[in-house]
There are 2 protein chains.
Amino acid sequence: MKSFNQITEIISTEIEKLDWNKEPRGLYEPIGYVLSMGGKRIRPALTLMACNLFSDNIIQAIKPALGIEVFHNFTLLHDDIIDRADMRRGKPTVHKKWNENTAILSGDVMQIAAYQLIAETPVAYLKPVLDLFSKTAAQICEGQQYDVEFERIDSVEAEDYLKMIRLKTAVLLGCALKTGAITGGAEEQDAQYLYDFGINLGMAFQLKDDMLDVYGNETTFGKKIGGDILCNKKTFLLISALKVAKDEIKDELNACLHVSYQQPDQKINAVTAIYNLLEVKKICEDKMFYFYNKAIAILDKVSVPDNNKQVLIKLAEKLMWRED
Amino acid sequence: MKSFNQITEIISTEIEKLDWNKEPRGLYEPIGYVLSMGGKRIRPALTLMACNLFSDNIIQAIKPALGIEVFHNFTLLHDDIIDRADMRRGKPTVHKKWNENTAILSGDVMQIAAYQLIAETPVAYLKPVLDLFSKTAAQICEGQQYDVEFERIDSVEAEDYLKMIRLKTAVLLGCALKTGAITGGAEEQDAQYLYDFGINLGMAFQLKDDMLDVYGNETTFGKKIGGDILCNKKTFLLISALKVAKDEIKDELNACLHVSYQQPDQKINAVTAIYNLLEVKKICEDKMFYFYNKAIAILDKVSVPDNNKQVLIKLAEKLMWRED
């Protein structure tokens, strides 16, 4: 079994090997830029780890693992245009550094590049991996569409929010894990358990993200705290707050959402104070651990020695206690 | 052998069967809208015809044929955002009818849908078809990037223009034909001849398009005549005119490109008059027939009875003499 550090080492090396030094430069340069920004590389790590549960030959899973990481970064590129986000991981986004047309077209070719990597899956596993990948990719677009639509709706139910993050975030973790399992030669049932493990881990991961956006440390988190609050993003925290708030607290929260503040910090502080009063961080944390525990329970069912699952459990724990 | 009409009939029926009535509506509705606009469906027709040269079982080629058509329409959708085009086939473009974010995201999921259709290629042919498709898709993005870059350059060489239209237009015709040949069980050499036939046909097709934009009939062409002239698009006509024009004609043409006119028709008439004087339509037509004749000569080499090639020759002729 490869250790966590060995896996991340392999991934960085392989990502650096990808060649974006192609013509026309204006099309390919932004792809190299986006991928050089870093990120946690969780998805390809999950693919390699899942493969390693069933096979020592993790080289089988590298190309699809890279395809999933390239696809993930493509979605960030296009989402940043849609969300009008100027910064990502402390650097200007592609549509800011270049322009919107470049961001659209480089994104398109990046999606194709992701498919080209997926197509290098060992041929015996190509069809199921390709089908899972396409299904997942479409679901991620659906999730992003719901996310955009939620901005224009006054109230979003927790259930709908959870459905949205399942599509936008969780399915790719499930896909990454199942892809690894398939290329490792796992039985269908085990591959499915790993998918379900990924879904639940992904749900917990996104809820953690919602909390970090309010309660994180700006230095370690790498972006401004309170961004979700400033744009009235209907995160699990806000949805929960609107649900449990009564009477004057409810009025106060609604006022925070509709009044315009002179300083952004005033709004962030006001909303955070209400969150604290209503203890919505606890509600969100409980939900996060609900999914996390479900994930671990599903992983338990996978028919490989418990000892071999430790690297996945360690990564899952890391994601729950992360500060970035 | 299926006739031209039988082939187009199959394609329309199959395109109508594609189900875009899915949730979220805001994501999938624009795809149905784009595909219902029609178009000549040349690419899937080429795929089925090429398959039919080698096999009676053209059903083998239908899914990849549809994938290529969906992909083609996806490129139009994103290109229309990039080119700020408001109308397409007499109807408002997606980013006008909905908005830009919808056009980006629906386009993304449309590209995935194209891959899902490609993935339904009979498994024995999946890998070569998928690889050819991805390579072609990336080339089309490269072509679009060059097209956008040419807008910002003062002078474009004919050679560079031809390279651009090869990428933006011709390779997809080559891909459509080769995909049909592969799924029909053709030998590699015949499949390659069909690819090369498609490249040359595609070059001729785009040069015809350049001419229709100036010399076409507005009613049959379906869009305003002179659009390329109005935006100083560096088509083969303009590049040729700038090359052959001398002295005062050259100054006059340059003035047309840089002066602002009160009425669009004034500019169109002035530039067209110079084109007529310089006989650039003839230069363009000669180039078109050069590629067309090359295409037919390559098709001649394909090792199937000449009689069976008639349907492809008929379609190629139709494309050369079309008025839309």
# chains A, B, ... in the order shown; residues from 1 in each chain; ligands from 1

call {"tool": "residues_around", "arguments": {"residues": "range 126-131 of chain B", "least_positions_apart": "4", "cutoff": "12 Å", "atoms": "only C-alpha atoms", "output": "number ranges by chain"}}
result
A: 112-113, 115-127, 130; B: 47, 60-61, 63-65, 67-68, 114-122, 135-138, 175-185, 188, 191

call {"tool": "closest_atom_pairs", "arguments": {"of": "chain A", "to": "chain B", "cutoff": "6 Å", "atoms": "only C-alpha atoms", "output": "CSV"}}
result
residue,atom,partner,partner_atom,distance
A:Ile82,CA,B:Asn101,CA,5.4
A:Asn101,CA,B:Ile82,CA,5.4
A:Val109,CA,B:Ala138,CA,5.6
A:Ala138,CA,B:Val109,CA,5.6

call {"tool": "write_last_selection", "arguments": {"atoms": "C-alpha atoms", "output": "CSV table (one decimal), in the first residue's frame"}}
result
chain,number,residue,atom,x,y,z
A,82,ILE,CA,-20.4,32.6,-14.0
A,101,ASN,CA,-13.7,34.7,-24.3
A,109,VAL,CA,-10.5,22.6,-24.5
A,138,ALA,CA,-23.3,16.3,-16.4

call {"tool": "residues_around", "arguments": {"residues": "Ala245 in chain A", "least_positions_apart": "4", "cutoff": "12 Å", "atoms": "only C-alpha atoms", "output": "list in words"}}
result
Leu237, Leu238, Ile239, Ser240, Ala241, Ile249, Lys250, Asp251, Glu252, Leu253, Asn254, Ile274, Tyr275, Asn276, Leu277, Leu278, Glu279 and Val280 of chain A

call {"tool": "select_by_dssp", "arguments": {"residues": "range 69-161 of chain B", "states": "alpha helix (DSSP H)", "output": "PyMOL selection string"}}
result
chain B and resi 69-82+94-97+100-118+123-151+158-161

call {"tool": "residues_around", "arguments": {"residues": "range 14-17 of chain A", "least_positions_apart": "6", "cutoff": "12 Å", "atoms": "only C-alpha atoms", "output": "PyMOL selection string"}}
result
chain A and resi 7-8+31-39+41+44-45+59+61-70+117

call {"tool": "atom_distance", "arguments": {"atom1": "CA of Ile11 in chain A", "atom2": "CA of Leu48 in chain A"}}
result
8.9 Å

call {"tool": "residues_around", "arguments": {"residues": "Gly90 in chain A", "least_positions_apart": "5", "cutoff": "10 Å", "atoms": "only C-alpha atoms", "output": "mmCIF file with N, CA and C atoms, in the first residue's frame"}}
result
data_model
loop_
_atom_site.group_PDB
_atom_site.id
_atom_site.type_symbol
_atom_site.label_atom_id
_atom_site.label_comp_id
_atom_site.auth_asym_id
_atom_site.auth_seq_id
_atom_site.Cartn_x
_atom_site.Cartn_y
_atom_site.Cartn_z
ATOM 1 N N MET A 37 -1.902 26.524 -10.063
ATOM 2 C CA MET A 37 -2.348 27.215 -8.852
ATOM 3 C C MET A 37 -2.375 26.271 -7.647
ATOM 4 N N GLY A 222 -6.964 30.953 2.886
ATOM 5 C CA GLY A 222 -6.476 31.427 1.592
ATOM 6 C C GLY A 222 -7.441 32.327 0.854
ATOM 7 N N LYS A 223 -8.634 32.545 1.415
ATOM 8 C CA LYS A 223 -9.496 33.580 0.830
ATOM 9 C C LYS A 223 -10.206 34.339 1.941
ATOM 10 N N LYS A 224 -10.846 35.419 1.563
ATOM 11 C CA LYS A 224 -11.481 36.279 2.553
ATOM 12 C C LYS A 224 -12.580 35.514 3.285
#

call {"tool": "closest_residue", "arguments": {"among": "A:Gln263, A:Gln206, A:Thr272, A:Asn232", "to": "Met320 in chain A", "atoms": "only C-alpha atoms"}}
result
A:Gln206

call {"tool": "closest_residue", "arguments": {"among": "B:Lys281, B:Lys294, B:Arg89, B:Arg43", "to": "Leu172 in chain B", "atoms": "only C-alpha atoms"}}
result
B:Arg43

call {"tool": "atom_distance", "arguments": {"atom1": "CA of Asn307 in chain B", "atom2": "CA of Ala50 in chain B"}}
result
13.5 Å

call {"tool": "atom_distance", "arguments": {"atom1": "CA of Leu207 in chain A", "atom2": "CA of Gln192 in chain A"}}
result
23.0 Å

call {"tool": "closest_residue", "arguments": {"among": "B:Leu201, B:Ala158, B:Val304, B:Cys51", "to": "Met288 in chain B", "atoms": "only C-alpha atoms"}}
result
B:Leu201
